[in-house]
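> Before anything else, here's the structure in question.
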Amino acid sequence: MKDRSLVQIALYAAIFAVLGLLPRFDLPVAGGVPITAQSMGAMLAGVMLGAWRGALSIVLLLFVVALGAPLLAGGRGGLGVFFTPSVGFIFGWIAVAFTAGWLMQVLRRAPVFPAALIAAVVGGIVVMYAFGIAGMSLVGGLTLREATLACLVFIPGDAIKAVLVALIAQTVARGMPEALLSRNA
């Protein structure tokens with residue numbers, strides 16, 4: 001892997017960590033899973049870096065979190081975060097970034113905004129919820145139906161995040177198209 005790729009992976013891990021500084025919102029109906037801005041970071045990493053680099057940026061961040069760094073929303077860190085009802089979403093971020101990056105590559109001939117929106121929605125909602133619902137069911141003690149219903153509260157916010165990711169990707173592509181690595185692979 002080139003030095004430049006390593007820097008980009010570290011940069012998006014840092015962006016993801018900064019999104020954890022934004023306050024989290026705990027909802028009693030969400031099975032103990034908070035609303036955070038970090039799911040947007042996973043979408044953005046994939047859309048901007050591509051499948052492998054995007055996923056590696058999330059892996060890097062989760063490794064640092066596992067070592068105890070309080071980089072998840074609300075200042076959470078350490079191995080304990082991997083044993084909460086959020087675990088499906090946390091590990092799902094890797095798949096989110098990979099899927100979003102892969103879709104950006106597949107849709108590289110499409111205009112940036114719709115390609116990024118599709119990538120962010122499929123990765124950041126469909127894939128993330130598949131992991132999140134499974135985690136809420138396994139660790140949170142909910143049935144799959146209850147976990148699915150609990151996740152409905154997240155859809156409006158995640159849809160807004162997907163639109164923001166698409167707008168960011170389009171803006172970056174206009175000013176510095178080479179920075180959109182997912183389309184240049």
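Residues are referred to by chain and number: the chain letter is A, B, ... according to the order shown in the structure tokens, the number counts from 1 in that chain, and ligands are numbered separately from 1 in the order shown.
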Please identify every residue of region 39-145 of chain A that has at least one atom no farther than 8 Å from an atom of region 14-19 of chain A, counting only C-alpha atoms, and for each give the shortest atom pair and the distance in Å to one decimal, arranged by chain then increasing number, as CSV.


residue,atom,partner,partner_atom,distance
A:Gly41,CA,A:Phe16,CA,4.9
A:Ala42,CA,A:Phe16,CA,7.2
A:Ile58,CA,A:Phe16,CA,7.8
A:Leu61,CA,A:Ala17,CA,7.2
A:Leu71,CA,A:Ala17,CA,5.3
A:Leu72,CA,A:Ala17,CA,6.7
A:Ala73,CA,A:Leu19,CA,7.5

> Using DSSP on the backbone, list every residue of chain A that comes out as helix (DSSP H, G or I), and give them as a tab-separated table (two decimals) with N, CA and C atoms, in the first residue's frame.


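What follows is the written file states-v1.tsv:
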chain	number	residue	atom	x	y	z
A	3	ASP	N	2.16	5.13	0.57
A	3	ASP	CA	2.11	6.05	1.70
A	3	ASP	C	0.89	6.95	1.63
A	4	ARG	N	0.57	7.40	0.43
A	4	ARG	CA	-0.58	8.29	0.25
A	4	ARG	C	-1.88	7.60	0.70
A	5	SER	N	-2.03	6.33	0.37
A	5	SER	CA	-3.22	5.59	0.79
A	5	SER	C	-3.29	5.49	2.31
A	6	LEU	N	-2.15	5.25	2.94
A	6	LEU	CA	-2.12	5.17	4.41
A	6	LEU	C	-2.55	6.48	5.04
A	7	VAL	N	-2.09	7.58	4.47
A	7	VAL	CA	-2.46	8.90	5.00
A	7	VAL	C	-3.95	9.13	4.82
A	8	GLN	N	-4.50	8.74	3.67
A	8	GLN	CA	-5.93	8.93	3.42
A	8	GLN	C	-6.76	8.07	4.37
A	9	ILE	N	-6.34	6.86	4.61
A	9	ILE	CA	-7.05	5.98	5.55
A	9	ILE	C	-7.03	6.61	6.94
A	10	ALA	N	-5.87	7.09	7.38
A	10	ALA	CA	-5.76	7.72	8.70
A	10	ALA	C	-6.60	9.00	8.77
A	11	LEU	N	-6.61	9.77	7.68
A	11	LEU	CA	-7.40	11.01	7.66
A	11	LEU	C	-8.88	10.72	7.85
A	12	TYR	N	-9.40	9.73	7.14
A	12	TYR	CA	-10.83	9.42	7.28
A	12	TYR	C	-11.15	8.77	8.61
A	13	ALA	N	-10.20	8.05	9.20
A	13	ALA	CA	-10.40	7.55	10.57
A	13	ALA	C	-10.49	8.73	11.53
A	14	ALA	N	-9.67	9.75	11.29
A	14	ALA	CA	-9.71	10.95	12.14
A	14	ALA	C	-11.02	11.72	11.94
A	15	ILE	N	-11.48	11.83	10.71
A	15	ILE	CA	-12.77	12.49	10.45
A	15	ILE	C	-13.88	11.74	11.18
A	16	PHE	N	-13.83	10.42	11.10
A	16	PHE	CA	-14.81	9.58	11.79
A	16	PHE	C	-14.77	9.85	13.30
A	17	ALA	N	-13.56	9.94	13.84
A	17	ALA	CA	-13.41	10.21	15.28
A	17	ALA	C	-13.96	11.59	15.64
A	18	VAL	N	-13.72	12.59	14.80
A	18	VAL	CA	-14.23	13.94	15.06
A	18	VAL	C	-15.76	13.93	15.08
A	19	LEU	N	-16.37	13.15	14.20
A	19	LEU	CA	-17.83	13.05	14.22
A	19	LEU	C	-18.34	12.49	15.54
A	28	PRO	N	-35.24	6.07	24.21
A	28	PRO	CA	-35.67	4.87	24.93
A	28	PRO	C	-36.27	3.80	24.01
A	29	VAL	N	-36.71	4.18	22.83
A	29	VAL	CA	-37.34	3.22	21.92
A	29	VAL	C	-36.33	2.53	21.01
A	30	ALA	N	-35.07	2.90	21.09
A	30	ALA	CA	-34.06	2.38	20.15
A	30	ALA	C	-33.25	1.22	20.72
A	38	GLN	N	-21.68	9.42	13.55
A	38	GLN	CA	-20.60	8.57	13.05
A	38	GLN	C	-21.02	7.64	11.91
A	39	SER	N	-22.29	7.32	11.81
A	39	SER	CA	-22.70	6.51	10.66
A	39	SER	C	-22.45	7.27	9.36
A	40	MET	N	-22.53	8.59	9.42
A	40	MET	CA	-22.22	9.40	8.25
A	40	MET	C	-20.74	9.29	7.90
A	41	GLY	N	-19.89	9.15	8.89
A	41	GLY	CA	-18.47	8.98	8.65
A	41	GLY	C	-18.16	7.71	7.89
A	42	ALA	N	-18.88	6.63	8.19
A	42	ALA	CA	-18.68	5.37	7.48
A	42	ALA	C	-19.12	5.51	6.02
A	43	MET	N	-20.26	6.17	5.81
A	43	MET	CA	-20.74	6.40	4.44
A	43	MET	C	-19.72	7.24	3.67
A	44	LEU	N	-19.25	8.30	4.30
A	44	LEU	CA	-18.32	9.22	3.66
A	44	LEU	C	-16.99	8.54	3.33
A	45	ALA	N	-16.49	7.74	4.23
A	45	ALA	CA	-15.22	7.04	3.99
A	45	ALA	C	-15.33	6.15	2.76
A	46	GLY	N	-16.41	5.42	2.64
A	46	GLY	CA	-16.58	4.55	1.48
A	46	GLY	C	-16.75	5.33	0.19
A	47	VAL	N	-17.62	6.33	0.22
A	47	VAL	CA	-17.89	7.12	-0.98
A	47	VAL	C	-16.63	7.84	-1.46
A	48	MET	N	-15.84	8.33	-0.56
A	48	MET	CA	-14.66	9.11	-0.94
A	48	MET	C	-13.44	8.25	-1.22
A	49	LEU	N	-13.22	7.20	-0.42
A	49	LEU	CA	-11.98	6.43	-0.53
A	49	LEU	C	-12.10	5.15	-1.35
A	51	ALA	N	-13.90	1.10	-1.68
A	51	ALA	CA	-14.27	-0.02	-0.80
A	51	ALA	C	-13.20	-0.37	0.22
A	52	TRP	N	-12.01	-0.72	-0.24
A	52	TRP	CA	-10.98	-1.22	0.68
A	52	TRP	C	-10.42	-0.14	1.58
A	53	ARG	N	-10.08	1.00	1.04
A	53	ARG	CA	-9.52	2.07	1.88
A	53	ARG	C	-10.55	2.59	2.86
A	54	GLY	N	-11.80	2.72	2.40
A	54	GLY	CA	-12.87	3.16	3.29
A	54	GLY	C	-13.06	2.20	4.45
A	55	ALA	N	-13.12	0.90	4.14
A	55	ALA	CA	-13.29	-0.10	5.19
A	55	ALA	C	-12.08	-0.12	6.14
A	56	LEU	N	-10.89	0.02	5.58
A	56	LEU	CA	-9.69	0.04	6.43
A	56	LEU	C	-9.65	1.25	7.35
A	57	SER	N	-10.21	2.37	6.92
A	57	SER	CA	-10.24	3.54	7.81
A	57	SER	C	-11.12	3.27	9.03
A	58	ILE	N	-12.21	2.54	8.82
A	58	ILE	CA	-13.09	2.19	9.95
A	58	ILE	C	-12.41	1.14	10.83
A	59	VAL	N	-11.75	0.17	10.23
A	59	VAL	CA	-11.02	-0.84	11.01
A	59	VAL	C	-9.97	-0.16	11.89
A	60	LEU	N	-9.25	0.80	11.32
A	60	LEU	CA	-8.24	1.53	12.09
A	60	LEU	C	-8.87	2.23	13.29
A	61	LEU	N	-9.97	2.92	13.05
A	61	LEU	CA	-10.65	3.62	14.15
A	61	LEU	C	-11.11	2.64	15.21
A	62	LEU	N	-11.72	1.53	14.80
A	62	LEU	CA	-12.21	0.55	15.78
A	62	LEU	C	-11.07	-0.10	16.56
A	63	PHE	N	-9.92	-0.27	15.94
A	63	PHE	CA	-8.75	-0.78	16.65
A	63	PHE	C	-8.33	0.18	17.75
A	64	VAL	N	-8.30	1.46	17.43
A	64	VAL	CA	-7.92	2.48	18.42
A	64	VAL	C	-8.96	2.54	19.53
A	65	VAL	N	-10.25	2.41	19.17
A	65	VAL	CA	-11.32	2.38	20.18
A	65	VAL	C	-11.14	1.16	21.09
A	66	ALA	N	-10.83	0.01	20.50
A	66	ALA	CA	-10.64	-1.21	21.30
A	66	ALA	C	-9.48	-1.05	22.29
A	79	LEU	N	-12.96	-2.09	25.15
A	79	LEU	CA	-13.58	-3.31	24.65
A	79	LEU	C	-15.06	-3.42	25.01
A	80	GLY	N	-15.48	-2.74	26.06
A	80	GLY	CA	-16.87	-2.82	26.50
A	80	GLY	C	-17.88	-2.38	25.45
A	81	VAL	N	-17.50	-1.45	24.57
A	81	VAL	CA	-18.44	-0.97	23.55
A	81	VAL	C	-18.82	-2.07	22.57
A	82	PHE	N	-18.00	-3.11	22.48
A	82	PHE	CA	-18.28	-4.21	21.57
A	82	PHE	C	-19.22	-5.24	22.17
A	83	PHE	N	-19.73	-4.96	23.35
A	83	PHE	CA	-20.66	-5.87	24.02
A	83	PHE	C	-21.96	-5.15	24.39
A	87	VAL	N	-23.35	-2.99	19.02
A	87	VAL	CA	-22.25	-3.73	18.39
A	87	VAL	C	-22.50	-4.02	16.92
A	88	GLY	N	-23.71	-4.32	16.55
A	88	GLY	CA	-24.01	-4.59	15.14
A	88	GLY	C	-23.76	-3.37	14.27
A	89	PHE	N	-24.15	-2.20	14.77
A	89	PHE	CA	-23.90	-0.97	14.02
A	89	PHE	C	-22.40	-0.68	13.96
A	90	ILE	N	-21.72	-0.89	15.08
A	90	ILE	CA	-20.28	-0.60	15.15
A	90	ILE	C	-19.51	-1.45	14.14
A	91	PHE	N	-19.72	-2.75	14.14
A	91	PHE	CA	-19.04	-3.59	13.15
A	91	PHE	C	-19.62	-3.39	11.75
A	92	GLY	N	-20.89	-3.03	11.71
A	92	GLY	CA	-21.52	-2.76	10.42
A	92	GLY	C	-20.90	-1.59	9.68
A	93	TRP	N	-20.28	-0.65	10.41
A	93	TRP	CA	-19.65	0.50	9.76
A	93	TRP	C	-18.58	0.05	8.76
A	94	ILE	N	-17.90	-1.04	9.05
A	94	ILE	CA	-16.90	-1.56	8.11
A	94	ILE	C	-17.58	-1.97	6.81
A	95	ALA	N	-18.68	-2.70	6.92
A	95	ALA	CA	-19.43	-3.12	5.74
A	95	ALA	C	-20.06	-1.94	5.03
A	96	VAL	N	-20.49	-0.93	5.79
A	96	VAL	CA	-21.05	0.28	5.19
A	96	VAL	C	-20.03	0.93	4.27
A	97	ALA	N	-18.83	1.16	4.80
A	97	ALA	CA	-17.78	1.81	4.02
A	97	ALA	C	-17.42	0.97	2.80
A	98	PHE	N	-17.30	-0.33	2.98
A	98	PHE	CA	-16.94	-1.19	1.85
A	98	PHE	C	-18.03	-1.15	0.78
A	99	THR	N	-19.27	-1.31	1.18
A	99	THR	CA	-20.39	-1.33	0.23
A	99	THR	C	-20.52	0.00	-0.50
A	100	ALA	N	-20.45	1.10	0.25
A	100	ALA	CA	-20.57	2.43	-0.38
A	100	ALA	C	-19.44	2.65	-1.38
A	101	GLY	N	-18.23	2.26	-1.03
A	101	GLY	CA	-17.09	2.41	-1.93
A	101	GLY	C	-17.21	1.52	-3.16
A	102	TRP	N	-17.67	0.30	-2.96
A	102	TRP	CA	-17.85	-0.61	-4.08
A	102	TRP	C	-18.91	-0.08	-5.05
A	103	LEU	N	-20.02	0.43	-4.49
A	103	LEU	CA	-21.07	0.98	-5.35
A	103	LEU	C	-20.61	2.22	-6.10
A	104	MET	N	-19.79	3.05	-5.47
A	104	MET	CA	-19.25	4.21	-6.18
A	104	MET	C	-18.39	3.77	-7.36
A	105	GLN	N	-17.66	2.69	-7.19
A	105	GLN	CA	-16.85	2.15	-8.29
A	105	GLN	C	-17.75	1.61	-9.40
A	106	VAL	N	-18.77	0.87	-9.02
A	106	VAL	CA	-19.71	0.30	-9.99
A	106	VAL	C	-20.42	1.43	-10.76
A	112	VAL	N	-21.95	12.18	-10.10
A	112	VAL	CA	-21.48	11.95	-8.73
A	112	VAL	C	-22.62	11.97	-7.71
A	113	PHE	N	-23.48	12.98	-7.75
A	113	PHE	CA	-24.52	13.08	-6.71
A	113	PHE	C	-25.41	11.84	-6.64
A	114	PRO	N	-26.03	11.41	-7.75
A	114	PRO	CA	-26.88	10.22	-7.61
A	114	PRO	C	-26.10	8.95	-7.26
A	115	ALA	N	-24.89	8.82	-7.79
A	115	ALA	CA	-24.08	7.65	-7.45
A	115	ALA	C	-23.76	7.63	-5.96
A	116	ALA	N	-23.35	8.77	-5.43
A	116	ALA	CA	-23.02	8.85	-4.01
A	116	ALA	C	-24.25	8.65	-3.14
A	117	LEU	N	-25.39	9.17	-3.58
A	117	LEU	CA	-26.62	9.00	-2.81
A	117	LEU	C	-27.03	7.53	-2.76
A	118	ILE	N	-26.98	6.85	-3.90
A	118	ILE	CA	-27.30	5.42	-3.93
A	118	ILE	C	-26.32	4.65	-3.05
A	119	ALA	N	-25.03	4.95	-3.18
A	119	ALA	CA	-24.01	4.26	-2.39
A	119	ALA	C	-24.23	4.48	-0.89
A	120	ALA	N	-24.53	5.72	-0.51
A	120	ALA	CA	-24.73	6.03	0.91
A	120	ALA	C	-26.01	5.40	1.45
A	121	VAL	N	-27.07	5.38	0.66
A	121	VAL	CA	-28.33	4.78	1.13
A	121	VAL	C	-28.19	3.27	1.24
A	122	VAL	N	-27.65	2.63	0.21
A	122	VAL	CA	-27.52	1.17	0.27
A	122	VAL	C	-26.55	0.77	1.37
A	123	GLY	N	-25.37	1.42	1.42
A	123	GLY	CA	-24.41	1.09	2.47
A	123	GLY	C	-24.86	1.55	3.84
A	124	GLY	N	-25.27	2.82	3.92
A	124	GLY	CA	-25.54	3.43	5.22
A	124	GLY	C	-26.89	3.16	5.81
A	125	ILE	N	-27.80	2.62	5.04
A	125	ILE	CA	-29.11	2.27	5.60
A	125	ILE	C	-29.33	0.76	5.47
A	126	VAL	N	-29.34	0.24	4.27
A	126	VAL	CA	-29.66	-1.18	4.07
A	126	VAL	C	-28.64	-2.08	4.76
A	127	VAL	N	-27.36	-1.90	4.44
A	127	VAL	CA	-26.33	-2.77	5.02
A	127	VAL	C	-26.16	-2.50	6.51
A	128	MET	N	-26.11	-1.23	6.90
A	128	MET	CA	-25.91	-0.92	8.31
A	128	MET	C	-27.06	-1.46	9.17
A	129	TYR	N	-28.29	-1.35	8.68
A	129	TYR	CA	-29.41	-1.85	9.47
A	129	TYR	C	-29.41	-3.37	9.55
A	130	ALA	N	-28.95	-4.05	8.52
A	130	ALA	CA	-28.85	-5.51	8.58
A	130	ALA	C	-27.94	-5.92	9.74
A	131	PHE	N	-26.79	-5.27	9.84
A	131	PHE	CA	-25.87	-5.55	10.95
A	131	PHE	C	-26.45	-5.06	12.28
A	132	GLY	N	-27.01	-3.86	12.27
A	132	GLY	CA	-27.54	-3.26	13.50
A	132	GLY	C	-28.68	-4.05	14.09
A	133	ILE	N	-29.60	-4.49	13.25
A	133	ILE	CA	-30.74	-5.27	13.73
A	133	ILE	C	-30.26	-6.59	14.32
A	134	ALA	N	-29.31	-7.22	13.66
A	134	ALA	CA	-28.76	-8.48	14.19
A	134	ALA	C	-28.10	-8.26	15.55
A	135	GLY	N	-27.32	-7.17	15.67
A	135	GLY	CA	-26.66	-6.87	16.94
A	135	GLY	C	-27.65	-6.55	18.05
A	136	MET	N	-28.68	-5.77	17.72
A	136	MET	CA	-29.69	-5.43	18.73
A	136	MET	C	-30.42	-6.68	19.18
A	137	SER	N	-30.65	-7.61	18.27
A	137	SER	CA	-31.35	-8.84	18.61
A	137	SER	C	-30.48	-9.75	19.47
A	138	LEU	N	-29.21	-9.92	19.06
A	138	LEU	CA	-28.33	-10.82	19.79
A	138	LEU	C	-27.91	-10.29	21.15
A	139	VAL	N	-27.49	-9.03	21.20
A	139	VAL	CA	-26.95	-8.47	22.45
A	139	VAL	C	-28.02	-7.74	23.26
A	140	GLY	N	-28.96	-7.13	22.57
A	140	GLY	CA	-29.98	-6.34	23.27
A	140	GLY	C	-31.17	-7.14	23.74
A	144	LEU	N	-36.03	-10.19	16.33
A	144	LEU	CA	-35.70	-9.50	15.08
A	144	LEU	C	-36.78	-8.49	14.72
A	145	ARG	N	-38.01	-8.80	14.97
A	145	ARG	CA	-39.11	-7.87	14.67
A	145	ARG	C	-39.01	-6.62	15.55
A	146	GLU	N	-38.79	-6.82	16.84
A	146	GLU	CA	-38.65	-5.68	17.75
A	146	GLU	C	-37.45	-4.81	17.37
A	147	ALA	N	-36.34	-5.44	17.03
A	147	ALA	CA	-35.14	-4.69	16.64
A	147	ALA	C	-35.39	-3.92	15.34
A	148	THR	N	-36.09	-4.53	14.40
A	148	THR	CA	-36.41	-3.86	13.14
A	148	THR	C	-37.29	-2.65	13.40
A	149	LEU	N	-38.30	-2.82	14.22
A	149	LEU	CA	-39.19	-1.69	14.55
A	149	LEU	C	-38.43	-0.59	15.29
A	150	ALA	N	-37.51	-0.98	16.17
A	150	ALA	CA	-36.72	0.02	16.91
A	150	ALA	C	-35.85	0.82	15.96
A	151	CYS	N	-35.40	0.22	14.89
A	151	CYS	CA	-34.52	0.90	13.93
A	151	CYS	C	-35.25	1.93	13.06
A	152	LEU	N	-36.56	1.84	13.00
A	152	LEU	CA	-37.31	2.79	12.17
A	152	LEU	C	-37.05	4.24	12.58
A	153	VAL	N	-36.76	4.45	13.85
A	153	VAL	CA	-36.51	5.81	14.33
A	153	VAL	C	-35.25	6.42	13.71
A	154	PHE	N	-34.33	5.58	13.24
A	154	PHE	CA	-33.07	6.06	12.68
A	154	PHE	C	-33.17	6.47	11.20
A	155	ILE	N	-34.18	6.00	10.50
A	155	ILE	CA	-34.24	6.20	9.05
A	155	ILE	C	-34.23	7.67	8.63
A	156	PRO	N	-35.04	8.55	9.21
A	156	PRO	CA	-35.00	9.95	8.74
A	156	PRO	C	-33.61	10.59	8.88
A	157	GLY	N	-32.96	10.38	10.00
A	157	GLY	CA	-31.63	10.95	10.21
A	157	GLY	C	-30.60	10.37	9.27
A	158	ASP	N	-30.66	9.07	9.05
A	158	ASP	CA	-29.70	8.44	8.14
A	158	ASP	C	-29.95	8.84	6.69
A	159	ALA	N	-31.19	9.10	6.34
A	159	ALA	CA	-31.49	9.60	4.99
A	159	ALA	C	-30.88	10.99	4.80
A	160	ILE	N	-30.98	11.83	5.82
A	160	ILE	CA	-30.36	13.16	5.76
A	160	ILE	C	-28.84	13.04	5.65
A	161	LYS	N	-28.26	12.13	6.42
A	161	LYS	CA	-26.80	11.90	6.34
A	161	LYS	C	-26.39	11.46	4.95
A	162	ALA	N	-27.18	10.59	4.32
A	162	ALA	CA	-26.86	10.12	2.98
A	162	ALA	C	-26.88	11.27	1.98
A	163	VAL	N	-27.85	12.16	2.10
A	163	VAL	CA	-27.91	13.33	1.21
A	163	VAL	C	-26.70	14.23	1.45
A	164	LEU	N	-26.33	14.44	2.72
A	164	LEU	CA	-25.15	15.26	3.02
A	164	LEU	C	-23.88	14.64	2.43
A	165	VAL	N	-23.74	13.34	2.53
A	165	VAL	CA	-22.57	12.65	1.95
A	165	VAL	C	-22.54	12.86	0.44
A	166	ALA	N	-23.69	12.74	-0.22
A	166	ALA	CA	-23.75	12.93	-1.66
A	166	ALA	C	-23.40	14.38	-2.03
A	167	LEU	N	-23.88	15.34	-1.24
A	167	LEU	CA	-23.54	16.75	-1.50
A	167	LEU	C	-22.05	17.01	-1.31
A	168	ILE	N	-21.47	16.43	-0.28
A	168	ILE	CA	-20.03	16.58	-0.04
A	168	ILE	C	-19.24	15.97	-1.20
A	169	ALA	N	-19.63	14.77	-1.62
A	169	ALA	CA	-18.92	14.11	-2.72
A	169	ALA	C	-19.03	14.93	-4.01
A	170	GLN	N	-20.20	15.46	-4.28
A	170	GLN	CA	-20.38	16.27	-5.48
A	170	GLN	C	-19.54	17.54	-5.41
A	171	THR	N	-19.52	18.19	-4.27
A	171	THR	CA	-18.73	19.41	-4.10
A	171	THR	C	-17.24	19.12	-4.26
A	172	VAL	N	-16.77	18.06	-3.65
A	172	VAL	CA	-15.36	17.69	-3.78
A	172	VAL	C	-15.03	17.34	-5.23
A	173	ALA	N	-15.92	16.61	-5.88
A	173	ALA	CA	-15.68	16.21	-7.28
A	173	ALA	C	-15.58	17.41	-8.20
A	174	ARG	N	-16.32	18.45	-7.92
A	174	ARG	CA	-16.26	19.65	-8.74
A	174	ARG	C	-14.94	20.40	-8.56
A	175	GLY	N	-14.49	20.50	-7.32
A	175	GLY	CA	-13.29	21.28	-7.04
A	175	GLY	C	-11.99	20.51	-7.14
A	177	PRO	N	-11.52	16.66	-8.36
A	177	PRO	CA	-12.02	15.32	-8.71
A	177	PRO	C	-11.07	14.18	-8.34
A	178	GLU	N	-9.78	14.45	-8.31
A	178	GLU	CA	-8.83	13.38	-7.96
A	178	GLU	C	-8.95	12.95	-6.50
A	179	ALA	N	-9.61	13.76	-5.67
A	179	ALA	CA	-9.80	13.41	-4.26
A	179	ALA	C	-10.89	12.36	-4.08
A	181	LEU	N	-11.46	9.20	-4.61
A	181	LEU	CA	-10.69	8.01	-4.96
A	181	LEU	C	-11.56	6.86	-5.40
A	182	SER	N	-12.80	6.80	-4.91
A	182	SER	CA	-13.68	5.71	-5.27
A	182	SER	C	-14.02	5.71	-6.75
A	183	ARG	N	-13.90	6.84	-7.41
A	183	ARG	CA	-14.22	6.94	-8.84
A	183	ARG	C	-12.98	6.84	-9.71
A	184	ASN	N	-11.81	6.91	-9.11
A	184	ASN	CA	-10.56	6.91	-9.86
A	184	ASN	C	-9.84	5.56	-9.82

> Find the spatial neighbours of Arg24 (chain A), counting only C-alpha atoms, within a cut-off of 10 Å - ignore same-chain residues fewer than 4 positions away - and output them as a list in words.

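Residues meeting the cut-off are Gly20, Val33, Pro34, Ile35, Thr36, Ala37, Gln38, Leu72, Ala73, Gly74 and Gly75 of chain A.
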
> Filtering to N, CA and C atoms, could you give me those residues as a compact mmCIF listing (two decimals), in the first residue's frame?


# COMPACT_ATOMS: atom_id res chain seq x y z
N GLY A 20 -17.49 11.76 16.24
CA GLY A 20 -17.86 11.25 17.56
C GLY A 20 -17.90 12.32 18.63
N VAL A 33 -29.49 1.87 21.59
CA VAL A 33 -28.58 2.33 20.54
C VAL A 33 -28.79 3.83 20.36
N PRO A 34 -27.72 4.63 20.48
CA PRO A 34 -27.88 6.08 20.34
C PRO A 34 -27.87 6.53 18.88
N ILE A 35 -28.42 7.72 18.65
CA ILE A 35 -28.29 8.37 17.35
C ILE A 35 -26.98 9.14 17.39
N THR A 36 -26.10 8.89 16.41
CA THR A 36 -24.81 9.58 16.34
C THR A 36 -24.55 10.04 14.91
N ALA A 37 -23.56 10.90 14.76
CA ALA A 37 -23.15 11.35 13.42
C ALA A 37 -22.15 10.39 12.79
N GLN A 38 -21.68 9.42 13.55
CA GLN A 38 -20.60 8.57 13.05
C GLN A 38 -21.02 7.64 11.91
N LEU A 72 -15.75 7.07 20.25
CA LEU A 72 -17.13 6.89 19.81
C LEU A 72 -18.00 7.95 20.48
N ALA A 73 -19.11 8.24 19.87
CA ALA A 73 -20.00 9.30 20.37
C ALA A 73 -20.27 9.11 21.86
N GLY A 74 -20.24 10.20 22.57
CA GLY A 74 -20.45 10.17 24.01
C GLY A 74 -19.19 9.82 24.78
N GLY A 75 -18.03 9.81 24.10
CA GLY A 75 -16.77 9.52 24.77
C GLY A 75 -16.60 8.05 25.12

> So how many Å separate CA of Leu67 (chain A) and CA of Gly32 (chain A), to one decimal?

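One can read the CA of Leu67 (chain A) to CA of Gly32 (chain A) distance as 22.8 Å.
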
> Mind checking which residues fall within 6 Å of Gly77 (chain A), counting only C-alpha atoms, ignoring those fewer than 6 positions away in the same chain, and posting them as a count of residues only?

4
